[in-house]
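All remarks here apply to the structure that follows.
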Amino acid sequence: MSTIPVLQSYLGGRWQGAQPAQTLASAIHGRPVAATHAETLDFAEALAHARRAQGALLALDFQQRAQRLKALGKYLMEHKEQLYAWSAHTGATRNDGWIDIEGGIGTLFAYASLGSNELPSGNLLHEGPVVPLGKQGHFAGTHVLVPRAGVAVHINAFNFPVWGLLEKFAPTFLAGMPCIGKPATATSYLTEALVRLIVASGLLPEGSLQLIIGGTGDLLDRLQEPDVVTFTGSADTAARLRAHPNLVQRSIPFNAEADSLNSAILAPDVTPDDEEFDLYVKEVVREMTVKAGQKCTAIRRALVPRRHLDAVAERLRARLAKVVVGDPALPEVRMGALASRAQQRDVAERVALLRAGAEVVWDGGPDFAPLGEGTADGAFFPPTLLLARDPHAHGAVHEVEAFGPVSTLLPYDDLDEALALAARGRGSLVATLVTRDPLTAARAVPLVAAWHGRLLVLDREAAPESTGHGSPLPPLKHGGPGRAGGGEELGGLRAVKHYLQRTAVQGSPTMLAAISGEYVRGAARIETDVHPFRRYFEDLRVGESLLTHRRTVTEADIVAFGGISGDYFYMHFDDIAAKESPFGRRIAHGYFVLSAAAGLFVSPAPGPVLANYGLDTLRFVKPVAIGDTIQARLTCKRKIDRAKTDAQGRGQGVVAWDVEVTNQHGELVASYDILTLVAKRA
């Protein structure tokens, strides 16, 4: 007689658990696939292990941790089929698994790239800007971000066992915080398989990531002030955890991403003959059937103009009738099962509440039966479309979420009514507006945005590249107000900053430069006989500076630049109009000043500077007139060590240069940062 594997927790640097406790069944055929372990876990030991681990984490800097994330992403991609094998038991189709597994791995790559491109070497991020606090320039203030001296506890939902862990782990690791992941029990066998791969890779410092199978016991009671808790799941559970006495007493940050009654609005300008009409129908059906509707971002309320209600209902019914439900191993199957029989019962109970004020448009009919051997014992549920003809009277549709392949049609008479109905969800993760009219979008978005974390405005132009209503993306925030939890995940660098402590620092410019690792104007500079452009990346010091020779701007300069650029703006060429302007005289082109400054500070011979690829914070502060004399100061402001090489295989880094252009009176006329690639000696 075969035995099922007992899942283990990974805490304190070892796998723990041998005695079976709760049996976990396959969502496809109901047969046991794994069991949780019965052993009690020592969370004091787990937290102590994580706190010790932060030293090893911070022995790496932002850039090095980004490299580890990239390597881990590659490793997981090479072993992804092990995850797909377990994913099938969650009821997921291959496409569903791709969203969870490769979507999660893709998030690792996204944060690896972000870390390499936007974060400095070291473990301090200067947020800036530097603010003068004294009249003489000797006292200033700024903001810095440093890793929180604590542990992140990530409590996840059952619907994305891989993505749910990785999308939280990636920014946490990049920020230098160790974390403990607690997946929902129903699908924890897939998360355990993921963590086994991560541990086997050997790419992470021990203690960076720990795993809990089963309950959290007294873990939350043991957390301290620098720690962080994040949660994904139901709004009711989020509210209960948020009020945990220890979290409240110690002001421990708590970030919730909860289920919500997301909506999709078909705008009044769209008719059944428009391409956007079919785009709307496809989006609703996709969100009902992908992951069997088990997404916190799925469309639960489909708002349509009352005059088009029958047409929308008919097209949705026709599409849903073609959806084949069953064992995802069968090639014709397009929708799998819910995650568990418990989830199946929960969805059925909630559909019964919704049906009290709605009629059924489609539910598979009395003959619904999922395809595949043994599926009668699985956790399948038919795609179910309801219709509430009076959406104001049917309060349950704005309060009850059936977390499965369920959506309700809600008719409205005008756009204002549609927006009011969307807001009755009391805060949602996402809403979609399908419209042809830019004016409709411009009017609706400011109003609907107040209740939503993300908005998709869908038309025929966006459709070919749209990632869809229900797809959170690493560069954009994921989360929403009110019922949706009031939290925020992802969003590019924003997610990393959630795990960093922001601190205001005051002092002299020289001290702020030393602390931030960036040159601050007014700080002590390093003057040498060697042009900064002649130094390799390793040799160049922040604060190394060059004061150039001077150049007097002539009328010939302006005429020549206008001829080359084609810029004959009157302020440069019309003497009478220029005299009548606020400047009272002809002035040089701003971009001529920029170009002339480059001519003053560039070292023309071949050297370590490989390319100029950007310009930031450009401001033309004062006009430069004919006869004015300009001078430039070039100072090494910031260095970012990158794991990149040039065409000759040499390493390279990024250097940001602070440029100040002044006139003969010492007044600042132009200010900007130049970004260059600089070669390393090795």
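For the structure tokens, the naming scheme is as follows: chains receive sequential letters (A, B, ...) according to their order of presentation, residues are indexed from 1 within each chain, and ligands are indexed from 1 in presentation order.
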- Message: What's around range 558-575 of chain A at 10 Å? Count only C-alpha atoms, leave out sequence neighbours fewer than 6 positions away in its own chain, and write the answer as a list of chain:residue names.
- Response: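 Non-adjacent residues within range: A:Ser581, A:Phe583, A:Gly584, A:Arg585, A:Arg586, A:Ile587, A:Ala588, A:His589, A:Tyr591, A:Phe592, A:Val593, A:Ser595, A:Ala625, A:Ile626.
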Restricting it to all heavy atoms, dump the selection as a compact mmCIF listing (two decimals), in the first residue's frame.
```
# COMPACT_ATOMS: atom_id res chain seq x y z
N SER A 581 10.70 91.21 -24.71
CA SER A 581 10.40 90.05 -23.86
C SER A 581 10.85 90.32 -22.43
O SER A 581 11.55 91.31 -22.17
CB SER A 581 11.13 88.82 -24.39
OG SER A 581 12.52 88.90 -24.08
N PHE A 583 13.17 89.02 -20.92
CA PHE A 583 14.63 88.96 -20.82
C PHE A 583 15.29 90.25 -21.30
O PHE A 583 16.43 90.56 -20.96
CB PHE A 583 15.18 87.77 -21.60
CG PHE A 583 14.66 86.44 -21.11
CD1 PHE A 583 13.95 85.60 -21.95
CD2 PHE A 583 14.88 86.04 -19.81
CE1 PHE A 583 13.48 84.38 -21.51
CE2 PHE A 583 14.40 84.82 -19.35
CZ PHE A 583 13.69 83.99 -20.20
N GLY A 584 14.62 90.98 -22.17
CA GLY A 584 15.12 92.27 -22.63
C GLY A 584 16.26 92.21 -23.62
O GLY A 584 16.81 93.25 -24.00
N ARG A 585 16.62 91.04 -24.08
CA ARG A 585 17.74 90.91 -25.04
C ARG A 585 17.72 89.49 -25.60
O ARG A 585 17.05 88.59 -25.08
CB ARG A 585 19.06 91.16 -24.32
CG ARG A 585 19.26 90.29 -23.09
CD ARG A 585 20.55 90.60 -22.37
NE ARG A 585 20.63 89.85 -21.11
CZ ARG A 585 21.74 89.77 -20.38
NH1 ARG A 585 22.84 90.39 -20.78
NH2 ARG A 585 21.74 89.07 -19.26
N ARG A 586 18.46 89.31 -26.69
CA ARG A 586 18.59 87.98 -27.28
C ARG A 586 19.40 87.08 -26.34
O ARG A 586 20.35 87.53 -25.70
CB ARG A 586 19.27 88.05 -28.64
CG ARG A 586 18.42 88.68 -29.72
CD ARG A 586 19.26 89.02 -30.94
NE ARG A 586 19.88 87.83 -31.53
CZ ARG A 586 20.85 87.88 -32.44
NH1 ARG A 586 21.33 89.07 -32.83
NH2 ARG A 586 21.35 86.78 -32.94
N ILE A 587 19.01 85.81 -26.28
CA ILE A 587 19.72 84.86 -25.42
C ILE A 587 20.11 83.62 -26.22
O ILE A 587 19.55 83.34 -27.30
CB ILE A 587 18.86 84.45 -24.20
CG1 ILE A 587 17.56 83.78 -24.67
CG2 ILE A 587 18.56 85.64 -23.31
CD1 ILE A 587 16.73 83.20 -23.53
N ALA A 588 21.05 82.90 -25.69
CA ALA A 588 21.51 81.66 -26.34
C ALA A 588 20.50 80.54 -26.14
O ALA A 588 19.74 80.53 -25.16
CB ALA A 588 22.86 81.25 -25.77
N HIS A 589 20.50 79.60 -27.08
CA HIS A 589 19.68 78.40 -26.92
C HIS A 589 20.11 77.66 -25.64
O HIS A 589 21.30 77.54 -25.36
CB HIS A 589 19.88 77.44 -28.09
CG HIS A 589 19.64 78.02 -29.45
ND1 HIS A 589 20.49 78.92 -30.05
CD2 HIS A 589 18.62 77.79 -30.34
CE1 HIS A 589 20.03 79.22 -31.25
NE2 HIS A 589 18.89 78.56 -31.44
N TYR A 591 20.02 74.55 -25.24
CA TYR A 591 20.77 73.36 -25.62
C TYR A 591 22.15 73.72 -26.18
O TYR A 591 23.05 72.87 -26.20
CB TYR A 591 19.97 72.51 -26.60
CG TYR A 591 18.78 71.87 -25.93
CD1 TYR A 591 17.48 72.35 -26.14
CD2 TYR A 591 18.95 70.83 -25.03
CE1 TYR A 591 16.40 71.79 -25.49
CE2 TYR A 591 17.87 70.27 -24.37
CZ TYR A 591 16.60 70.74 -24.61
OH TYR A 591 15.54 70.19 -23.95
N PHE A 592 22.31 74.93 -26.60
CA PHE A 592 23.67 75.37 -26.93
C PHE A 592 24.51 75.44 -25.65
O PHE A 592 25.67 75.03 -25.62
CB PHE A 592 23.68 76.74 -27.62
CG PHE A 592 25.06 77.34 -27.66
CD1 PHE A 592 26.01 76.88 -28.55
CD2 PHE A 592 25.43 78.34 -26.75
CE1 PHE A 592 27.30 77.41 -28.57
CE2 PHE A 592 26.71 78.86 -26.75
CZ PHE A 592 27.65 78.39 -27.66
N VAL A 593 23.92 75.99 -24.58
CA VAL A 593 24.64 76.06 -23.30
C VAL A 593 25.03 74.65 -22.85
O VAL A 593 26.16 74.41 -22.40
CB VAL A 593 23.77 76.75 -22.23
CG1 VAL A 593 24.46 76.71 -20.86
CG2 VAL A 593 23.46 78.18 -22.64
N SER A 595 25.49 72.02 -24.80
CA SER A 595 26.53 71.52 -25.69
C SER A 595 27.87 72.20 -25.43
O SER A 595 28.93 71.55 -25.43
CB SER A 595 26.12 71.74 -27.15
OG SER A 595 24.91 71.09 -27.44
N ALA A 625 23.20 85.36 -22.22
CA ALA A 625 23.10 86.33 -23.31
C ALA A 625 24.41 86.40 -24.09
O ALA A 625 25.45 85.87 -23.67
CB ALA A 625 22.76 87.70 -22.74
N ILE A 626 24.34 87.06 -25.25
CA ILE A 626 25.55 87.29 -26.05
C ILE A 626 26.53 88.11 -25.20
O ILE A 626 26.17 89.12 -24.60
CB ILE A 626 25.19 88.03 -27.34
CG1 ILE A 626 24.27 87.17 -28.21
CG2 ILE A 626 26.45 88.42 -28.12
CD1 ILE A 626 23.67 87.90 -29.39
```
When you look at range 224-233 of chain A with a cut-off of 7 Å (counting only C-alpha atoms), what residues show up, excluding the ones that are within fewer than 5 positions of it in the same chain? I need them as a compact mmCIF listing (two decimals) with N, CA, C and O atoms, in the first residue's frame.
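Generated output (result-v8.txt):
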```txt
# COMPACT_ATOMS: atom_id res chain seq x y z
N ARG A 148 15.29 47.23 7.08
CA ARG A 148 14.71 47.12 8.41
C ARG A 148 15.43 46.00 9.17
O ARG A 148 15.73 44.96 8.60
N ALA A 149 15.70 46.21 10.41
CA ALA A 149 16.44 45.24 11.21
C ALA A 149 15.50 44.19 11.78
O ALA A 149 15.42 43.99 13.01
N GLY A 150 14.74 43.53 10.91
CA GLY A 150 13.74 42.58 11.38
C GLY A 150 13.50 41.46 10.39
O GLY A 150 14.29 41.22 9.47
N VAL A 151 12.37 40.79 10.59
CA VAL A 151 11.97 39.63 9.80
C VAL A 151 10.61 39.93 9.15
O VAL A 151 9.73 40.52 9.79
N ALA A 152 10.44 39.53 7.90
CA ALA A 152 9.16 39.67 7.21
C ALA A 152 8.43 38.33 7.25
O ALA A 152 8.99 37.30 6.88
N VAL A 153 7.19 38.36 7.70
CA VAL A 153 6.34 37.18 7.71
C VAL A 153 5.30 37.34 6.62
O VAL A 153 4.51 38.30 6.63
N HIS A 154 5.30 36.41 5.66
CA HIS A 154 4.39 36.49 4.52
C HIS A 154 3.36 35.36 4.61
O HIS A 154 3.71 34.18 4.52
N ILE A 155 2.10 35.72 4.79
CA ILE A 155 1.00 34.75 4.90
C ILE A 155 0.22 34.81 3.59
O ILE A 155 -0.33 35.86 3.24
N ASN A 156 0.16 33.69 2.87
CA ASN A 156 -0.37 33.69 1.51
C ASN A 156 -1.65 32.89 1.36
O ASN A 156 -1.99 32.04 2.19
N ALA A 157 -2.35 33.15 0.25
CA ALA A 157 -3.60 32.47 -0.07
C ALA A 157 -3.33 31.19 -0.86
O ALA A 157 -2.22 30.92 -1.30
N ALA A 238 -8.06 39.18 7.07
CA ALA A 238 -7.18 40.35 7.11
C ALA A 238 -7.54 41.26 8.29
O ALA A 238 -6.67 41.74 9.02
N ARG A 250 2.97 46.93 19.22
CA ARG A 250 4.33 47.24 18.77
C ARG A 250 4.37 48.04 17.47
O ARG A 250 5.44 48.29 16.94
N SER A 251 3.21 48.41 16.96
CA SER A 251 3.13 49.18 15.70
C SER A 251 3.88 48.46 14.57
O SER A 251 4.62 49.08 13.79
N ILE A 252 3.68 47.16 14.49
CA ILE A 252 4.33 46.37 13.46
C ILE A 252 3.58 46.57 12.14
O ILE A 252 2.37 46.38 12.08
N PRO A 253 4.27 46.99 11.09
CA PRO A 253 3.59 47.20 9.80
C PRO A 253 2.86 45.95 9.34
O PRO A 253 3.41 44.84 9.39
N PHE A 254 1.63 46.14 8.88
CA PHE A 254 0.80 45.04 8.39
C PHE A 254 0.24 45.44 7.04
O PHE A 254 -0.44 46.45 6.92
N ASN A 255 0.56 44.66 6.02
CA ASN A 255 0.09 44.97 4.66
C ASN A 255 -0.87 43.87 4.22
O ASN A 255 -0.51 42.68 4.22
N ALA A 256 -2.09 44.25 3.86
CA ALA A 256 -3.10 43.28 3.46
C ALA A 256 -3.50 43.48 2.00
O ALA A 256 -3.69 44.60 1.54
N GLU A 257 -3.60 42.37 1.31
CA GLU A 257 -4.16 42.35 -0.05
C GLU A 257 -5.30 41.35 0.01
O GLU A 257 -5.07 40.14 0.08
N ALA A 258 -6.53 41.85 0.05
CA ALA A 258 -7.69 41.01 0.31
C ALA A 258 -8.55 40.85 -0.93
O ALA A 258 -8.43 41.60 -1.90
N ASP A 259 -9.44 39.86 -0.85
CA ASP A 259 -10.39 39.66 -1.95
C ASP A 259 -11.26 40.90 -2.12
O ASP A 259 -11.42 41.69 -1.20
```
- Residue list (alpha helix (DSSP H), DSSP) for range 251-405 of chain A, as a PyMOL selection string: chain A and resi 275-289+309-321+341-355
Selected residues written out, N, CA and C atoms, as a compact mmCIF listing (two decimals), in the first residue's frame:
```
# COMPACT_ATOMS: atom_id res chain seq x y z
N GLU A 275 -15.96 46.56 -32.01
CA GLU A 275 -14.96 45.57 -31.61
C GLU A 275 -14.83 45.53 -30.08
N GLU A 276 -14.99 46.68 -29.44
CA GLU A 276 -14.87 46.74 -27.99
C GLU A 276 -15.94 45.91 -27.28
N PHE A 277 -17.08 45.73 -27.91
CA PHE A 277 -18.15 44.92 -27.31
C PHE A 277 -17.67 43.49 -27.11
N ASP A 278 -17.05 42.93 -28.14
CA ASP A 278 -16.53 41.57 -28.03
C ASP A 278 -15.33 41.49 -27.09
N LEU A 279 -14.53 42.56 -27.05
CA LEU A 279 -13.42 42.59 -26.11
C LEU A 279 -13.93 42.48 -24.68
N TYR A 280 -15.03 43.15 -24.41
CA TYR A 280 -15.63 43.11 -23.07
C TYR A 280 -16.09 41.69 -22.74
N VAL A 281 -16.78 41.08 -23.67
CA VAL A 281 -17.30 39.72 -23.44
C VAL A 281 -16.14 38.74 -23.20
N LYS A 282 -15.10 38.85 -24.01
CA LYS A 282 -13.94 37.95 -23.85
C LYS A 282 -13.28 38.15 -22.49
N GLU A 283 -13.17 39.41 -22.05
CA GLU A 283 -12.51 39.70 -20.78
C GLU A 283 -13.29 39.10 -19.62
N VAL A 284 -14.61 39.23 -19.64
CA VAL A 284 -15.43 38.67 -18.56
C VAL A 284 -15.30 37.16 -18.52
N VAL A 285 -15.38 36.51 -19.68
CA VAL A 285 -15.29 35.04 -19.72
C VAL A 285 -13.91 34.58 -19.28
N ARG A 286 -12.88 35.27 -19.73
CA ARG A 286 -11.53 34.89 -19.33
C ARG A 286 -11.36 34.97 -17.82
N GLU A 287 -11.87 36.05 -17.22
CA GLU A 287 -11.72 36.21 -15.78
C GLU A 287 -12.59 35.22 -14.99
N MET A 288 -13.64 34.72 -15.59
CA MET A 288 -14.45 33.70 -14.94
C MET A 288 -13.78 32.33 -14.97
N THR A 289 -12.99 32.07 -16.00
CA THR A 289 -12.51 30.70 -16.23
C THR A 289 -11.03 30.48 -15.93
N LEU A 309 -28.23 44.85 -22.39
CA LEU A 309 -28.17 43.74 -21.44
C LEU A 309 -28.40 42.40 -22.13
N ASP A 310 -29.44 42.29 -22.95
CA ASP A 310 -29.75 41.01 -23.59
C ASP A 310 -28.64 40.59 -24.54
N ALA A 311 -28.08 41.55 -25.27
CA ALA A 311 -27.01 41.22 -26.23
C ALA A 311 -25.76 40.73 -25.50
N VAL A 312 -25.40 41.40 -24.39
CA VAL A 312 -24.24 40.96 -23.61
C VAL A 312 -24.49 39.58 -23.03
N ALA A 313 -25.67 39.38 -22.45
CA ALA A 313 -25.99 38.09 -21.84
C ALA A 313 -25.92 36.96 -22.85
N GLU A 314 -26.43 37.20 -24.05
CA GLU A 314 -26.43 36.16 -25.07
C GLU A 314 -25.02 35.80 -25.51
N ARG A 315 -24.18 36.80 -25.70
CA ARG A 315 -22.80 36.51 -26.14
C ARG A 315 -22.00 35.84 -25.04
N LEU A 316 -22.23 36.25 -23.80
CA LEU A 316 -21.54 35.58 -22.70
C LEU A 316 -22.00 34.13 -22.58
N ARG A 317 -23.31 33.91 -22.70
CA ARG A 317 -23.85 32.56 -22.61
C ARG A 317 -23.25 31.67 -23.71
N ALA A 318 -23.15 32.21 -24.92
CA ALA A 318 -22.61 31.42 -26.03
C ALA A 318 -21.15 31.05 -25.79
N ARG A 319 -20.37 31.96 -25.26
CA ARG A 319 -18.96 31.67 -25.00
C ARG A 319 -18.80 30.67 -23.84
N LEU A 320 -19.57 30.89 -22.79
CA LEU A 320 -19.45 30.00 -21.64
C LEU A 320 -19.88 28.58 -21.99
N ALA A 321 -20.83 28.43 -22.89
CA ALA A 321 -21.28 27.10 -23.30
C ALA A 321 -20.17 26.31 -23.99
N ARG A 341 -12.35 20.50 -2.10
CA ARG A 341 -13.78 20.29 -1.92
C ARG A 341 -14.35 21.32 -0.95
N ALA A 342 -13.55 21.76 0.01
CA ALA A 342 -14.02 22.80 0.93
C ALA A 342 -14.29 24.09 0.18
N GLN A 343 -13.43 24.41 -0.77
CA GLN A 343 -13.64 25.60 -1.58
C GLN A 343 -14.89 25.44 -2.45
N GLN A 344 -15.10 24.24 -2.94
CA GLN A 344 -16.28 23.95 -3.75
C GLN A 344 -17.56 24.21 -2.94
N ARG A 345 -17.58 23.74 -1.71
CA ARG A 345 -18.75 23.96 -0.86
C ARG A 345 -18.94 25.45 -0.56
N ASP A 346 -17.84 26.14 -0.31
CA ASP A 346 -17.92 27.57 0.00
C ASP A 346 -18.50 28.35 -1.17
N VAL A 347 -18.04 28.05 -2.40
CA VAL A 347 -18.55 28.75 -3.57
C VAL A 347 -20.04 28.46 -3.76
N ALA A 348 -20.44 27.21 -3.57
CA ALA A 348 -21.85 26.85 -3.72
C ALA A 348 -22.72 27.62 -2.73
N GLU A 349 -22.27 27.75 -1.49
CA GLU A 349 -23.04 28.48 -0.48
C GLU A 349 -23.18 29.96 -0.86
N ARG A 350 -22.12 30.53 -1.39
CA ARG A 350 -22.16 31.95 -1.74
C ARG A 350 -22.98 32.20 -3.00
N VAL A 351 -22.94 31.26 -3.93
CA VAL A 351 -23.80 31.39 -5.11
C VAL A 351 -25.26 31.35 -4.70
N ALA A 352 -25.58 30.52 -3.72
CA ALA A 352 -26.96 30.45 -3.23
C ALA A 352 -27.40 31.80 -2.67
N LEU A 353 -26.50 32.50 -1.97
CA LEU A 353 -26.83 33.84 -1.45
C LEU A 353 -27.03 34.82 -2.60
N LEU A 354 -26.19 34.75 -3.61
CA LEU A 354 -26.32 35.66 -4.75
C LEU A 354 -27.60 35.39 -5.54
N ARG A 355 -27.98 34.13 -5.64
CA ARG A 355 -29.17 33.77 -6.44
C ARG A 355 -30.46 34.25 -5.77
```
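Here the DSSP assignment of strand (DSSP E or B), based on backbone atoms, applies within range 571-622 of chain A to Ile587, Val609, Leu610, Ala611, Asn612, Tyr613, Gly614, Leu615, Asp616, Thr617, Leu618, Arg619 and Phe620 of chain A.
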- Query: Of the residues A:Ala369, A:Leu41, A:Leu125, A:Ala682, which is the one nearest to Gly651 in chain A, using only C-alpha atoms?
  - Reply: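 Ranking A:Ala369, A:Leu41, A:Leu125, A:Ala682 by distance to Gly651 in chain A, first place goes to A:Ala682.
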- Message: For Thr107 in chain A, find every residue with an atom within 12 Å (counting only C-alpha atoms), except residues of its own chain fewer than 4 positions away, and show them as JSON, numbers by chain.
- Response: {"A": [66, 69, 70, 72, 73, 74, 76, 99, 100, 101, 102, 103, 111, 112, 113, 114, 162, 163, 164, 165, 166, 167, 168, 169, 170, 171, 472, 473, 474, 475, 476, 490, 491, 492, 495]}
Test item: residues at most 10 Å from Ala444 in chain A, only C-alpha atoms, excluding those fewer than 2 positions along its chain, as a short mmCIF file (atom, residue, chain, number, x, y, z; two decimals) with all heavy atoms, in the first residue's frame:
```
data_model
loop_
_atom_site.label_atom_id
_atom_site.label_comp_id
_atom_site.auth_asym_id
_atom_site.auth_seq_id
_atom_site.Cartn_x
_atom_site.Cartn_y
_atom_site.Cartn_z
N ALA A 267 -18.79 50.73 -21.32
CA ALA A 267 -19.20 52.13 -21.38
C ALA A 267 -20.41 52.33 -22.29
O ALA A 267 -20.63 51.55 -23.22
CB ALA A 267 -18.04 53.00 -21.84
N LEU A 415 -23.68 56.51 -17.19
CA LEU A 415 -22.34 56.29 -16.68
C LEU A 415 -22.24 56.62 -15.19
O LEU A 415 -21.55 55.91 -14.44
CB LEU A 415 -21.32 57.12 -17.47
CG LEU A 415 -19.85 56.92 -17.10
CD1 LEU A 415 -19.43 55.47 -17.30
CD2 LEU A 415 -18.95 57.85 -17.91
N ASP A 416 -22.90 57.67 -14.75
CA ASP A 416 -22.84 58.02 -13.34
C ASP A 416 -23.36 56.87 -12.47
O ASP A 416 -22.81 56.58 -11.40
CB ASP A 416 -23.66 59.28 -13.06
CG ASP A 416 -22.98 60.53 -13.61
OD1 ASP A 416 -21.75 60.49 -13.80
OD2 ASP A 416 -23.69 61.52 -13.87
N ALA A 418 -23.29 53.70 -13.29
CA ALA A 418 -22.30 52.63 -13.36
C ALA A 418 -21.16 52.86 -12.37
O ALA A 418 -20.73 51.95 -11.67
CB ALA A 418 -21.74 52.52 -14.78
N LEU A 419 -20.68 54.10 -12.31
CA LEU A 419 -19.59 54.42 -11.39
C LEU A 419 -20.03 54.28 -9.94
O LEU A 419 -19.26 53.83 -9.08
CB LEU A 419 -19.08 55.83 -11.66
CG LEU A 419 -18.54 56.10 -13.08
CD1 LEU A 419 -18.02 57.53 -13.18
CD2 LEU A 419 -17.46 55.10 -13.45
N LEU A 433 -12.59 49.45 -17.58
CA LEU A 433 -13.52 50.28 -18.34
C LEU A 433 -13.26 50.02 -19.81
O LEU A 433 -12.16 50.27 -20.31
CB LEU A 433 -13.31 51.76 -18.02
CG LEU A 433 -14.13 52.76 -18.85
CD1 LEU A 433 -15.62 52.62 -18.53
CD2 LEU A 433 -13.66 54.18 -18.62
N PRO A 438 -12.24 58.57 -25.65
CA PRO A 438 -11.27 59.11 -24.69
C PRO A 438 -11.90 60.06 -23.68
O PRO A 438 -11.46 60.12 -22.52
CB PRO A 438 -10.25 59.84 -25.57
CG PRO A 438 -10.35 59.18 -26.91
CD PRO A 438 -11.80 58.81 -27.05
N LEU A 439 -12.93 60.81 -24.08
CA LEU A 439 -13.57 61.73 -23.15
C LEU A 439 -14.30 60.97 -22.04
O LEU A 439 -14.33 61.41 -20.89
CB LEU A 439 -14.53 62.65 -23.89
CG LEU A 439 -13.88 63.65 -24.87
CD1 LEU A 439 -14.95 64.48 -25.58
CD2 LEU A 439 -12.89 64.54 -24.14
N THR A 440 -14.89 59.82 -22.39
CA THR A 440 -15.53 58.99 -21.37
C THR A 440 -14.50 58.49 -20.37
O THR A 440 -14.72 58.51 -19.16
CB THR A 440 -16.26 57.81 -22.04
OG1 THR A 440 -17.33 58.30 -22.85
CG2 THR A 440 -16.82 56.85 -21.00
N ALA A 441 -13.35 58.04 -20.88
CA ALA A 441 -12.28 57.56 -20.00
C ALA A 441 -11.78 58.68 -19.09
O ALA A 441 -11.58 58.49 -17.88
CB ALA A 441 -11.14 56.98 -20.82
N ALA A 442 -11.58 59.87 -19.68
CA ALA A 442 -11.07 61.00 -18.90
C ALA A 442 -12.05 61.42 -17.82
O ALA A 442 -11.65 61.87 -16.74
CB ALA A 442 -10.78 62.17 -19.83
N PRO A 446 -10.93 59.54 -12.99
CA PRO A 446 -10.71 60.23 -11.70
C PRO A 446 -11.73 59.86 -10.63
O PRO A 446 -11.41 59.88 -9.44
CB PRO A 446 -10.82 61.72 -12.07
CG PRO A 446 -10.50 61.77 -13.53
CD PRO A 446 -11.07 60.51 -14.10
N LEU A 447 -12.94 59.51 -11.05
CA LEU A 447 -13.98 59.16 -10.08
C LEU A 447 -13.83 57.72 -9.61
O LEU A 447 -13.90 57.43 -8.41
CB LEU A 447 -15.36 59.37 -10.71
CG LEU A 447 -15.68 60.81 -11.12
CD1 LEU A 447 -17.02 60.88 -11.85
CD2 LEU A 447 -15.70 61.73 -9.89
N VAL A 448 -13.60 56.81 -10.54
CA VAL A 448 -13.52 55.40 -10.17
C VAL A 448 -12.19 55.08 -9.49
O VAL A 448 -12.09 54.14 -8.69
CB VAL A 448 -13.75 54.51 -11.41
CG1 VAL A 448 -12.52 54.45 -12.31
CG2 VAL A 448 -14.17 53.11 -11.02
N ALA A 449 -11.16 55.89 -9.75
CA ALA A 449 -9.84 55.62 -9.16
C ALA A 449 -9.86 55.72 -7.64
O ALA A 449 -9.07 55.07 -6.95
CB ALA A 449 -8.80 56.60 -9.72
#
```
- Message: Which residues are close to Arg638 in chain A, i.e. within 9 Å by only C-alpha atoms, leaving aside same-chain residues fewer than 4 positions away? Reply as number ranges by chain.
- Response: A: 120, 517-519, 541-543, 654-658
- Message: For a quick check of understanding, using only C-alpha atoms, which of A:Pro331, A:Gly378, A:Pro245, A:Pro405 has the smallest distance to Asp363 in chain A?
- Response: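 Under the stated criterion, the closest residue is A:Pro405.
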- Query: To one decimal place, how far is CA of Asp616 in chain A from CA of Thr629 in chain A in Å?
  - Reply: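 Interatomic distance, CA of Asp616 in chain A to CA of Thr629 in chain A: 24.1 Å.
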- Gln63 in chain A environment, 8 Å, only C-alpha atoms, sequence neighbours closer than 3 positions dropped, as a PyMOL selection string: chain A and resi 60+66-67+115-116+119-122+641-642
- Message: Please list as a list in words every residue within 6 Å of Ser545 in chain A, counting only C-alpha atoms and excluding residues in the same chain fewer than 5 positions away.
- Response: Ile526, Glu527, Leu634 and Thr635 of chain A
Write the residues of the preceding selection, restricted to N, CA, C and O atoms, as a short mmCIF file (atom, residue, chain, number, x, y, z; two decimals), in the first residue's frame.
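As written to disk, out10.cif reads:
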```cif
data_model
loop_
_atom_site.label_atom_id
_atom_site.label_comp_id
_atom_site.auth_asym_id
_atom_site.auth_seq_id
_atom_site.Cartn_x
_atom_site.Cartn_y
_atom_site.Cartn_z
N ILE A 526 36.99 66.82 -4.26
CA ILE A 526 38.34 66.30 -4.43
C ILE A 526 38.88 66.84 -5.74
O ILE A 526 38.39 66.49 -6.83
N GLU A 527 39.84 67.73 -5.66
CA GLU A 527 40.44 68.34 -6.85
C GLU A 527 41.76 67.62 -7.15
O GLU A 527 42.60 67.48 -6.26
N LEU A 634 32.31 69.80 -13.18
CA LEU A 634 31.90 68.40 -13.33
C LEU A 634 32.35 67.65 -12.08
O LEU A 634 33.54 67.67 -11.75
N THR A 635 31.42 66.97 -11.39
CA THR A 635 31.76 66.27 -10.16
C THR A 635 31.15 64.88 -10.17
O THR A 635 29.97 64.71 -10.52
#
```
- Query: So how far away is CA of Ser471 in chain A from CA of Arg424 in chain A, in Å?
  - Reply: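 Computing it gives 22.5 Å between the two atoms.
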- For CA of Leu190 in chain A and CA of Gln82 in chain A, the interatomic separation in Å (one decimal):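 Answer for the CA of Leu190 in chain A to CA of Gln82 in chain A separation: 9.4 Å.
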- Message: Taking only C-alpha atoms into account, name the residue in A:Ser26, A:Gln136, A:Ala524, A:Ser208 that is nearest to Gly55 in chain A.
- Response: A:Ser208
